[in-house]
file protein-v8.cif (mmCIF, C-alpha atoms)
data_protein
loop_
_atom_site.label_atom_id
_atom_site.label_comp_id
_atom_site.auth_asym_id
_atom_site.auth_seq_id
_atom_site.Cartn_x
_atom_site.Cartn_y
_atom_site.Cartn_z
CA ASN A 1 10.96 -26.38 29.21
CA ALA A 2 14.20 -27.99 28.08
CA TYR A 3 12.52 -29.92 25.23
CA ASN A 4 11.11 -26.78 23.63
CA ALA A 5 14.34 -24.93 24.32
CA ALA A 6 16.21 -27.58 22.32
CA TRP A 7 13.97 -26.87 19.32
CA VAL A 8 14.63 -23.16 19.76
CA GLY A 9 18.32 -24.06 19.74
CA VAL A 10 17.99 -25.91 16.46
CA SER A 11 16.26 -22.88 14.95
CA LEU A 12 18.95 -20.54 16.27
CA ALA A 13 21.64 -22.82 14.83
CA GLY A 14 20.10 -22.47 11.39
CA VAL A 15 20.06 -18.71 11.84
CA PHE A 16 23.69 -18.65 13.01
CA LEU A 17 24.71 -20.54 9.87
CA SER A 18 23.38 -17.76 7.66
CA GLY A 19 26.37 -15.59 8.48
CA PRO A 20 28.25 -13.65 11.15
CA TYR A 21 25.77 -10.76 11.03
CA ILE A 22 23.01 -12.85 12.51
CA GLY A 23 25.28 -14.27 15.18
CA PHE A 24 26.30 -10.73 16.04
CA LEU A 25 22.66 -9.63 16.14
CA GLY A 26 21.84 -12.59 18.35
CA MET A 27 24.65 -11.64 20.70
CA LEU A 28 23.42 -8.03 20.92
CA PHE A 29 19.87 -9.24 21.43
CA LEU A 30 20.85 -11.57 24.27
CA ILE A 31 23.00 -8.92 25.93
CA GLY A 32 20.08 -6.53 25.68
CA LEU A 33 17.76 -9.16 27.10
CA PHE A 34 19.98 -9.68 30.15
CA VAL A 35 20.53 -5.94 30.68
CA TYR A 36 16.81 -5.30 30.37
CA ASP A 37 15.98 -8.11 32.79
CA LEU A 38 18.64 -6.99 35.25
CA VAL A 39 17.50 -3.35 35.35
CA TRP A 40 13.77 -3.38 34.54
CA GLY A 41 12.53 -6.96 34.25
CA GLY A 42 12.73 -8.14 37.84
CA ARG A 43 15.68 -10.45 37.17
CA GLN A 44 13.43 -13.28 36.06
CA ILE A 45 15.98 -14.72 33.62
CA LEU A 46 18.61 -14.90 36.34
CA ARG A 47 16.50 -17.32 38.36
CA ILE A 48 17.72 -20.90 38.14
CA LYS A 49 14.42 -22.36 36.95
CA ASP A 50 14.20 -19.85 34.10
CA LYS A 51 17.87 -20.00 33.17
CA LEU A 52 18.01 -23.71 32.30
CA PRO A 53 15.90 -23.58 29.08
CA LEU A 54 17.86 -20.57 27.84
CA VAL A 55 21.17 -22.32 28.53
CA VAL A 56 19.97 -25.47 26.76
CA ALA A 57 18.83 -23.45 23.73
CA LEU A 58 22.12 -21.58 23.44
CA LEU A 59 24.23 -24.71 23.94
CA SER A 60 22.18 -26.57 21.33
CA ALA A 61 22.53 -23.73 18.85
CA THR A 62 26.26 -23.40 19.45
CA PHE A 63 26.89 -27.15 19.18
CA ILE A 64 24.81 -27.67 16.02
CA SER A 65 26.10 -24.59 14.22
CA THR A 66 29.72 -25.37 15.11
CA LEU A 67 29.28 -28.97 13.97
CA ALA A 68 27.84 -27.92 10.62
CA TYR A 69 29.67 -24.64 9.98
CA SER A 70 33.20 -26.02 9.67
CA PRO A 71 32.42 -28.41 6.79
CA LEU A 72 30.24 -25.82 5.07
CA MET A 73 33.07 -23.27 5.11
CA ARG A 74 34.84 -25.35 2.45
CA TYR A 75 31.96 -24.74 0.07
CA SER A 76 30.93 -21.22 1.02
CA GLY A 77 33.39 -19.63 -1.38
CA GLU A 78 35.43 -16.46 -1.25
CA LEU A 79 33.87 -13.01 -1.02
CA LYS A 80 34.43 -10.76 -4.02
CA GLY A 81 33.32 -7.25 -4.82
CA VAL A 82 32.05 -6.42 -1.33
CA VAL A 83 32.33 -2.84 -0.13
CA GLU A 84 34.12 -2.83 3.21
CA GLY A 85 32.36 -1.11 6.07
CA SER A 86 29.05 -0.47 4.34
CA ALA A 87 26.74 1.30 6.80
CA LEU A 88 23.47 3.18 6.79
CA ASN A 89 23.10 6.94 6.96
CA LEU A 90 20.53 9.17 8.62
CA ALA A 91 18.90 10.15 5.33
CA SER A 92 18.02 6.50 4.66
CA PHE A 93 15.54 6.49 7.55
CA ALA A 94 13.62 9.37 5.97
CA THR A 95 13.76 8.18 2.35
CA PRO A 96 10.53 6.61 1.00
CA PRO A 97 10.73 3.55 -1.29
CA VAL A 98 12.67 4.33 -4.45
CA TRP A 99 10.43 2.04 -6.53
CA HIS A 100 7.27 4.05 -5.80
CA HIS A 101 5.35 4.94 -8.97
CA SER A 102 4.08 8.25 -7.53
CA GLN A 103 5.94 11.26 -8.94
CA LEU A 104 5.44 13.06 -5.64
CA VAL A 105 7.19 10.26 -3.72
CA GLN A 106 9.96 10.15 -6.32
CA ALA A 107 10.47 13.88 -5.88
CA VAL A 108 10.74 13.42 -2.11
CA VAL A 109 13.32 10.63 -2.62
CA ALA A 110 15.37 12.78 -4.99
CA PHE A 111 15.26 15.70 -2.55
CA ILE A 112 16.12 13.80 0.64
CA HIS A 113 18.52 11.23 -0.69
CA PRO A 114 19.46 11.72 -4.36
CA ALA A 115 22.20 9.06 -4.24
CA THR A 116 19.64 6.45 -3.21
CA ALA A 117 17.36 7.44 -6.08
CA LEU A 118 20.21 6.86 -8.53
CA ALA A 119 21.57 3.64 -7.03
CA PRO A 120 19.19 2.01 -4.52
CA ASP A 121 20.41 -0.85 -2.35
CA GLY A 122 18.62 -3.33 -0.15
CA GLU A 123 19.85 -2.04 3.19
CA SER A 124 18.86 1.57 2.46
CA ASN A 125 15.40 0.42 1.42
CA MET A 126 15.05 -1.50 4.70
CA ALA A 127 15.98 1.54 6.78
CA TYR A 128 12.73 3.38 6.07
CA LEU A 129 10.17 1.99 8.53
CA GLY A 130 7.16 3.88 7.23
CA LEU A 131 5.46 7.14 8.17
CA ALA A 132 2.64 5.34 9.95
CA ALA A 133 5.13 3.36 12.04
CA TYR A 134 6.97 6.55 13.01
CA LEU A 135 3.72 8.24 14.00
CA LEU A 136 2.37 5.30 16.02
CA ILE A 137 5.68 4.70 17.82
CA GLY A 138 5.81 8.43 18.60
CA TYR A 139 2.23 8.19 19.88
CA GLY A 140 3.24 5.35 22.19
CA ILE A 141 6.17 7.35 23.56
CA CYS A 142 3.95 10.40 24.12
CA LYS A 143 1.50 8.18 26.02
CA ARG A 144 4.49 7.01 28.11
CA LEU A 145 4.02 3.35 27.24
CA GLN A 146 7.69 2.84 28.10
CA ARG A 147 6.63 3.33 31.72
CA GLU A 148 3.42 1.32 31.52
CA SER A 149 4.61 -1.61 29.44
CA PRO A 150 7.94 -3.45 29.98
CA ASN A 151 7.49 -4.94 26.50
CA PHE A 152 7.29 -1.51 24.88
CA LEU A 153 10.41 -0.39 26.75
CA PHE A 154 12.37 -3.47 25.73
CA TRP A 155 11.50 -3.20 22.03
CA LEU A 156 12.18 0.54 22.09
CA TRP A 157 15.63 -0.21 23.49
CA THR A 158 16.17 -2.87 20.80
CA LEU A 159 15.12 -0.41 18.08
CA ILE A 160 17.49 2.32 19.29
CA VAL A 161 20.47 -0.04 19.66
CA SER A 162 19.87 -1.63 16.24
CA VAL A 163 19.67 1.74 14.51
CA ILE A 164 22.82 3.04 16.21
CA PHE A 165 24.86 -0.06 15.32
CA SER A 166 23.56 -0.09 11.73
CA LEU A 167 25.07 3.39 11.26
CA GLY A 168 28.57 1.91 11.51
CA PRO A 169 31.63 3.40 13.21
CA TRP A 170 31.14 7.01 12.02
CA LEU A 171 27.94 9.03 11.70
CA ARG A 172 26.87 9.48 8.09
CA LEU A 173 24.35 12.19 7.24
CA ASP A 174 23.72 10.90 3.71
CA ALA A 175 25.36 8.67 1.10
CA VAL A 176 28.33 11.02 0.62
CA THR A 177 28.64 13.00 3.87
CA VAL A 178 30.58 11.22 6.62
CA THR A 179 31.13 13.16 9.83
CA ASN A 180 33.89 12.80 12.42
CA ILE A 181 31.37 11.83 15.10
CA PRO A 182 32.29 8.35 16.42
CA LEU A 183 29.62 5.77 17.14
CA PRO A 184 29.69 2.68 19.41
CA TYR A 185 30.41 0.32 16.51
CA LEU A 186 33.87 1.88 16.26
CA ILE A 187 34.92 -0.32 19.20
CA PHE A 188 34.14 -3.49 17.24
CA THR A 189 36.26 -2.39 14.27
CA LYS A 190 39.31 -2.77 16.52
CA LEU A 191 38.57 -6.43 17.28
CA PRO A 192 39.81 -9.11 14.82
CA PHE A 193 36.65 -11.26 14.85
CA PHE A 194 34.37 -8.43 13.79
CA LEU A 195 36.46 -7.68 10.70
CA ASN A 196 34.39 -10.43 9.03
CA PHE A 197 31.39 -8.10 8.99
CA LYS A 198 31.29 -6.43 5.59
CA SER A 199 28.06 -4.50 6.01
CA GLN A 200 26.96 -3.07 9.33
CA ALA A 201 23.79 -1.87 7.58
CA ARG A 202 22.29 -5.36 7.84
CA ILE A 203 21.89 -4.94 11.58
CA ILE A 204 18.79 -2.93 10.63
CA GLN A 205 16.92 -6.26 10.49
CA THR A 206 16.32 -6.19 14.24
CA ALA A 207 15.10 -2.59 13.95
CA SER A 208 12.40 -3.80 11.56
CA LEU A 209 11.41 -6.50 14.04
CA ALA A 210 11.37 -4.05 16.96
CA SER A 211 9.34 -1.46 15.05
CA SER A 212 6.70 -4.10 14.26
CA CYS A 213 6.33 -4.94 17.95
CA LEU A 214 6.25 -1.27 18.95
CA LEU A 215 3.65 -0.51 16.30
CA ALA A 216 1.43 -3.36 17.55
CA LEU A 217 1.72 -2.18 21.16
CA ALA A 218 0.98 1.43 20.20
CA MET A 219 -2.00 0.36 18.10
CA SER A 220 -3.31 -1.66 21.05
CA ARG A 221 -3.03 1.41 23.27
CA LEU A 222 -4.80 3.57 20.71
CA CYS A 223 -7.71 1.11 20.44
CA ARG A 224 -8.01 0.46 24.17
CA GLY A 225 -11.63 0.64 25.37
CA ARG A 226 -13.02 1.18 21.87
CA SER A 227 -15.41 -0.93 19.80
CA ARG A 228 -14.41 -3.76 17.48
CA TRP A 229 -15.41 -1.64 14.51
CA PHE A 230 -12.88 0.96 15.55
CA HIS A 231 -10.22 -1.78 15.82
CA PHE A 232 -11.12 -3.02 12.36
CA ALA A 233 -11.12 0.48 10.87
CA MET A 234 -7.69 1.31 12.33
CA ALA A 235 -6.15 -1.97 11.18
CA ALA A 236 -7.64 -1.67 7.69
CA SER A 237 -6.56 1.97 7.41
CA TYR A 238 -3.01 1.15 8.43
CA MET A 239 -2.73 -1.78 5.99
CA ALA A 240 -4.15 0.28 3.15
CA PHE A 241 -1.84 3.22 3.83
CA ALA A 242 1.23 0.99 4.24
CA SER A 243 0.39 -0.82 0.99
CA TRP A 244 0.29 2.50 -0.81
CA GLU A 245 3.29 3.96 1.01
CA PHE A 246 5.52 1.00 0.09
CA ASP A 247 3.80 0.56 -3.29
CA LEU A 248 3.58 -3.21 -2.88
CA LEU A 249 2.22 -3.65 -6.40
CA GLY A 250 4.99 -1.46 -7.80
CA ILE A 251 7.74 -3.68 -6.41
CA ALA A 252 6.80 -6.43 -8.84
CA ARG A 253 6.99 -4.07 -11.80
CA VAL A 254 10.49 -2.91 -10.86
CA TYR A 255 12.24 -6.03 -9.62
CA THR A 256 10.54 -9.02 -11.25
CA SER A 257 10.04 -8.23 -14.91
CA SER A 258 9.31 -11.47 -16.76
CA LYS A 259 10.35 -10.16 -20.16
CA LEU A 260 13.24 -12.29 -21.37
CA PRO A 261 16.05 -10.61 -23.37
CA GLY A 262 16.11 -11.91 -26.92
CA VAL A 263 19.49 -13.62 -26.69
CA TYR A 264 18.27 -15.79 -23.81
CA GLU A 265 15.35 -17.06 -25.88
CA THR A 266 17.89 -18.68 -28.20
CA ILE A 267 19.72 -20.21 -25.24
CA VAL A 268 16.53 -21.56 -23.68
CA LYS A 269 15.59 -23.29 -26.93
CA ASP A 270 19.03 -24.95 -27.17
CA SER A 271 18.64 -28.41 -25.61
CA SER A 272 22.33 -29.39 -25.68
CA GLN A 273 24.66 -29.38 -22.66
CA PHE A 274 26.89 -26.31 -22.38
CA ALA A 275 28.06 -23.47 -20.15
CA ILE A 276 27.57 -19.71 -20.53
CA MET A 277 30.03 -16.88 -20.10
CA GLU A 278 28.60 -13.46 -19.26
CA LEU A 279 30.63 -10.32 -19.99
CA PRO A 280 31.53 -7.67 -18.82
CA TRP A 281 31.72 -9.95 -15.78
CA HIS A 282 35.25 -9.16 -14.63
CA TYR A 283 37.64 -8.41 -11.77
CA ASP A 284 39.48 -5.19 -11.22
CA ARG A 285 43.14 -5.05 -10.17
CA GLU A 286 42.21 -5.35 -6.48
CA GLY A 287 40.27 -8.55 -7.15
CA ALA A 288 36.81 -7.08 -6.60
CA LEU A 289 33.85 -7.57 -8.92
CA PRO A 290 32.75 -4.00 -9.75
CA ILE A 291 29.48 -4.67 -11.62
CA PHE A 292 25.97 -5.71 -10.64
CA ALA A 293 26.42 -9.36 -11.62
CA GLN A 294 23.32 -10.46 -9.70
CA TYR A 295 21.40 -9.63 -12.88
CA TYR A 296 23.12 -12.56 -14.57
CA MET A 297 22.20 -14.87 -11.73
CA PHE A 298 18.58 -13.71 -11.94
CA LEU A 299 18.49 -14.94 -15.54
CA GLN A 300 20.38 -18.18 -14.81
CA PRO A 301 17.31 -20.14 -13.59
CA LEU A 302 15.56 -19.23 -16.84
CA HIS A 303 18.11 -21.04 -19.01
CA GLY A 304 19.33 -23.54 -16.38
CA HIS A 305 22.93 -23.81 -17.60
CA PRO A 306 26.13 -23.41 -15.56
CA MET A 307 27.94 -20.07 -15.71
CA VAL A 308 31.61 -19.22 -15.64
CA GLY A 309 32.31 -17.93 -12.14
CA GLY A 310 28.99 -19.05 -10.73
CA PHE A 311 27.40 -17.03 -7.94
CA PRO A 312 28.58 -13.40 -8.05
CA ALA A 313 28.99 -12.81 -4.31
CA ARG A 314 30.79 -15.96 -3.13
CA TYR A 315 33.07 -17.88 -5.47
CA LEU A 316 34.16 -21.45 -4.96
CA GLU A 317 37.85 -22.24 -5.09
CA GLY A 318 37.41 -24.21 -8.30
CA ALA A 319 35.63 -21.32 -10.01
CA LEU A 320 38.34 -18.88 -8.97
CA ASN A 321 41.11 -21.21 -10.12
CA PHE A 322 39.42 -21.56 -13.50
CA THR A 323 39.19 -17.83 -14.17
CA GLU A 324 42.62 -17.10 -12.69
CA ASN A 325 44.63 -19.88 -14.34
CA THR A 326 42.93 -20.65 -17.66
CA TYR A 327 44.55 -19.04 -20.66
CA PHE A 328 42.24 -16.71 -22.62
CA ILE A 329 39.53 -17.00 -19.93
CA PHE A 330 41.82 -15.01 -17.64
CA HIS A 331 42.06 -12.13 -20.12
CA LEU A 332 38.29 -12.06 -20.67
CA THR A 333 37.58 -11.87 -16.94
CA HIS A 334 40.56 -9.57 -16.22
CA PRO A 335 40.41 -7.09 -19.15
CA TRP A 336 42.82 -4.71 -17.40
CA SER A 337 45.54 -7.32 -18.05
CA LEU A 338 45.45 -6.51 -21.78
CA GLY A 339 46.58 -2.90 -21.24
CA PRO A 340 50.19 -3.68 -20.27
CA LEU A 341 50.37 -6.31 -23.02
CA GLU A 342 49.68 -3.67 -25.68
CA LYS A 343 53.04 -2.08 -24.87
CA ASP A 344 54.79 -5.39 -25.40
CA PRO A 345 56.56 -5.62 -28.81
CA LYS A 346 55.10 -9.10 -29.15
CA TYR A 347 51.52 -7.91 -28.49
CA LYS A 348 50.42 -8.44 -32.10
CA GLU A 349 51.66 -11.98 -31.95
CA LEU A 350 49.87 -12.57 -28.64
CA GLU A 351 46.65 -11.02 -29.96
CA GLN A 352 46.70 -13.32 -32.97
CA LYS A 353 47.32 -16.28 -30.68
CA LEU A 354 44.38 -15.31 -28.48
CA ARG A 355 42.11 -14.95 -31.48
CA ARG A 356 43.32 -18.21 -32.97
CA ASN A 357 43.11 -20.32 -29.82
CA GLY A 358 40.25 -18.57 -27.99
CA ALA A 359 37.38 -20.34 -29.72
CA GLU A 360 39.09 -23.70 -29.28
CA ILE A 361 39.59 -23.05 -25.55
CA LEU A 362 35.93 -22.12 -25.10
CA ARG A 363 34.89 -25.23 -27.00
CA HIS A 364 37.22 -27.41 -24.93
CA TYR A 365 35.58 -26.27 -21.68
CA GLY A 366 32.06 -26.54 -23.05
CA ILE A 367 31.39 -22.77 -23.17
CA LYS A 368 29.03 -22.45 -26.11
CA TYR A 369 27.70 -18.91 -25.61
CA VAL A 370 29.58 -15.73 -24.69
CA ILE A 371 27.11 -12.91 -23.95
CA TYR A 372 28.21 -9.29 -23.81
#
call {"tool": "encode", "arguments": {"input": "protein-v8.cif", "output": "structure tokens"}}
result
Amino acid sequence: NAYNAAWVGVSLAGVFLSGPYIGFLGMLFLIGLFVYDLVWGGRQILRIKDKLPLVVALLSATFISTLAYSPLMRYSGELKGVVEGSALNLASFATPPVWHHSQLVQAVVAFIHPATALAPDGESNMAYLGLAAYLLIGYGICKRLQRESPNFLFWLWTLIVSVIFSLGPWLRLDAVTVTNIPLPYLIFTKLPFFLNFKSQARIIQTASLASSCLLALAMSRLCRGRSRWFHFAMAASYMAFASWEFDLLGIARVYTSSKLPGVYETIVKDSSQFAIMELPWHYDREGALPIFAQYYMFLQPLHGHPMVGGFPARYLEGALNFTENTYFIFHLTHPWSLGPLEKDPKYKELEQKLRRNGAEILRHYGIKYVIY
């Protein structure tokens, strides 16, 4: 009904606010829903009595997100250090978790996708859906569930579309091999609005959702007409295998080490008010942030003090103005600027000035610790 649809709209509005990717995914999902209903679903959505709640939900989401998004844009900051056009590759879908403690799994990762083993990223890790999921979805297709179950067909369509769009405008075989085979997303790269999307790989989120639904439907088909003990055994076996396959205990060892670097122990014990400057936190000539600065932000809650620059993915205007226009701070965060100065006959004089005034500038702005 319209009341429940309004609550759905509020939820969608919150999702829309999380970024253009989700809005784009929502648009694809709704288009897919209408196409599915038009061709296979008996046109139920197109009936007036069923259309009203959907319209109310979408209007509510659009109104609330538009109302809130404009003011929030002032505080969302400017993107820095984002790789344009980041997309998944085919090898990612066959690459097991890079954090797995098993040497056998690590060998498989290194063989299939060596670049991922050296420099894993979140999107590539999300691409691998799991061997059990692949087998069960394949089982469902072999049993022709797409003909028996409209739900299976819809989620299969969602999975295929999500995977294709997550591959970006050109087909990539692995992290370094880009083919000349165009993909549907190429059309969106020609439209101004979609230039805001920095990483097509994040569209894989709906593939994860679709694979979960497909796996559940395939498991239901496999257990049809069997005892409860068989149901329990299959569910327990899948959970145990998936826990091992994704090494759920190993994730904590890799990503959430609680060991605090020694220098931060000193900072934590300091009860005074001050800011911290982390180096080599810096910009290159193009204005991008080329290092993995999220590590600094991981440690920030441990000491609880403000940092020069703040969050490493989106920078507020004030933070950018400070690093761009503050003498001495500019040279620390833009080290490439010192190269041309070395050729200046007055470089020695400038270097002495920087050394002489640098500590005073840091003290003036309350920066007590500089960590390199």
call {"tool": "resolve_selection", "arguments": {"input": "protein-v8.cif", "expression": "the PyMOL selection byres ((chain A and resi 350-363) around 12)", "output": "number ranges by chain"}}
result
A: 273-277, 308, 326-332, 338-339, 341-349, 364-370
call {"tool": "write_last_selection", "arguments": {"input": "protein-v8.cif", "atoms": "C-alpha atoms", "output": "short mmCIF file (atom, residue, chain, number, x, y, z; two decimals), keeping the file's coordinate frame"}}
result
data_model
loop_
_atom_site.label_atom_id
_atom_site.label_comp_id
_atom_site.auth_asym_id
_atom_site.auth_seq_id
_atom_site.Cartn_x
_atom_site.Cartn_y
_atom_site.Cartn_z
CA GLN A 273 24.66 -29.38 -22.66
CA PHE A 274 26.89 -26.31 -22.38
CA ALA A 275 28.06 -23.47 -20.15
CA ILE A 276 27.57 -19.71 -20.53
CA MET A 277 30.03 -16.88 -20.10
CA VAL A 308 31.61 -19.22 -15.64
CA THR A 326 42.93 -20.65 -17.66
CA TYR A 327 44.55 -19.04 -20.66
CA PHE A 328 42.24 -16.71 -22.62
CA ILE A 329 39.53 -17.00 -19.93
CA PHE A 330 41.82 -15.01 -17.64
CA HIS A 331 42.06 -12.13 -20.12
CA LEU A 332 38.29 -12.06 -20.67
CA LEU A 338 45.45 -6.51 -21.78
CA GLY A 339 46.58 -2.90 -21.24
CA LEU A 341 50.37 -6.31 -23.02
CA GLU A 342 49.68 -3.67 -25.68
CA LYS A 343 53.04 -2.08 -24.87
CA ASP A 344 54.79 -5.39 -25.40
CA PRO A 345 56.56 -5.62 -28.81
CA LYS A 346 55.10 -9.10 -29.15
CA TYR A 347 51.52 -7.91 -28.49
CA LYS A 348 50.42 -8.44 -32.10
CA GLU A 349 51.66 -11.98 -31.95
CA HIS A 364 37.22 -27.41 -24.93
CA TYR A 365 35.58 -26.27 -21.68
CA GLY A 366 32.06 -26.54 -23.05
CA ILE A 367 31.39 -22.77 -23.17
CA LYS A 368 29.03 -22.45 -26.11
CA TYR A 369 27.70 -18.91 -25.61
CA VAL A 370 29.58 -15.73 -24.69
#
call {"tool": "closest_residue", "arguments": {"input": "protein-v8.cif", "among": "A:Leu248, A:Ala110, A:Met297, A:Ile137", "to": "A:Ser212", "atoms": "only C-alpha atoms"}}
result
A:Ile137
call {"tool": "resolve_selection", "arguments": {"input": "protein-v8.cif", "expression": "the PyMOL selection byres ((chain A and resi 219-227) around 9)", "output": "list of chain:residue names"}}
result
A:Leu136, A:Ile137, A:Tyr139, A:Gly140, A:Lys143, A:Leu145, A:Leu214, A:Leu215, A:Ala216, A:Leu217, A:Ala218, A:Arg228, A:Trp229, A:Phe230, A:His231, A:Phe232, A:Met234, A:Ala235
call {"tool": "atom_distance", "arguments": {"input": "protein-v8.cif", "atom1": "atom CA of A:Leu88", "atom2": "atom CA of A:Ser166"}}
result
5.9 Å
call {"tool": "closest_residue", "arguments": {"input": "protein-v8.cif", "among": "A:Leu249, A:Ala201, A:Val176, A:Ala242", "to": "A:Ile164", "atoms": "only C-alpha atoms"}}
result
A:Ala201
call {"tool": "atom_distance", "arguments": {"input": "protein-v8.cif", "atom1": "atom CA of A:Val178", "atom2": "atom CA of A:Ala207"}}
result
22.0 Å
call {"tool": "atom_distance", "arguments": {"input": "protein-v8.cif", "atom1": "atom CA of A:Asp270", "atom2": "atom CA of A:Met307"}}
result
15.3 Å
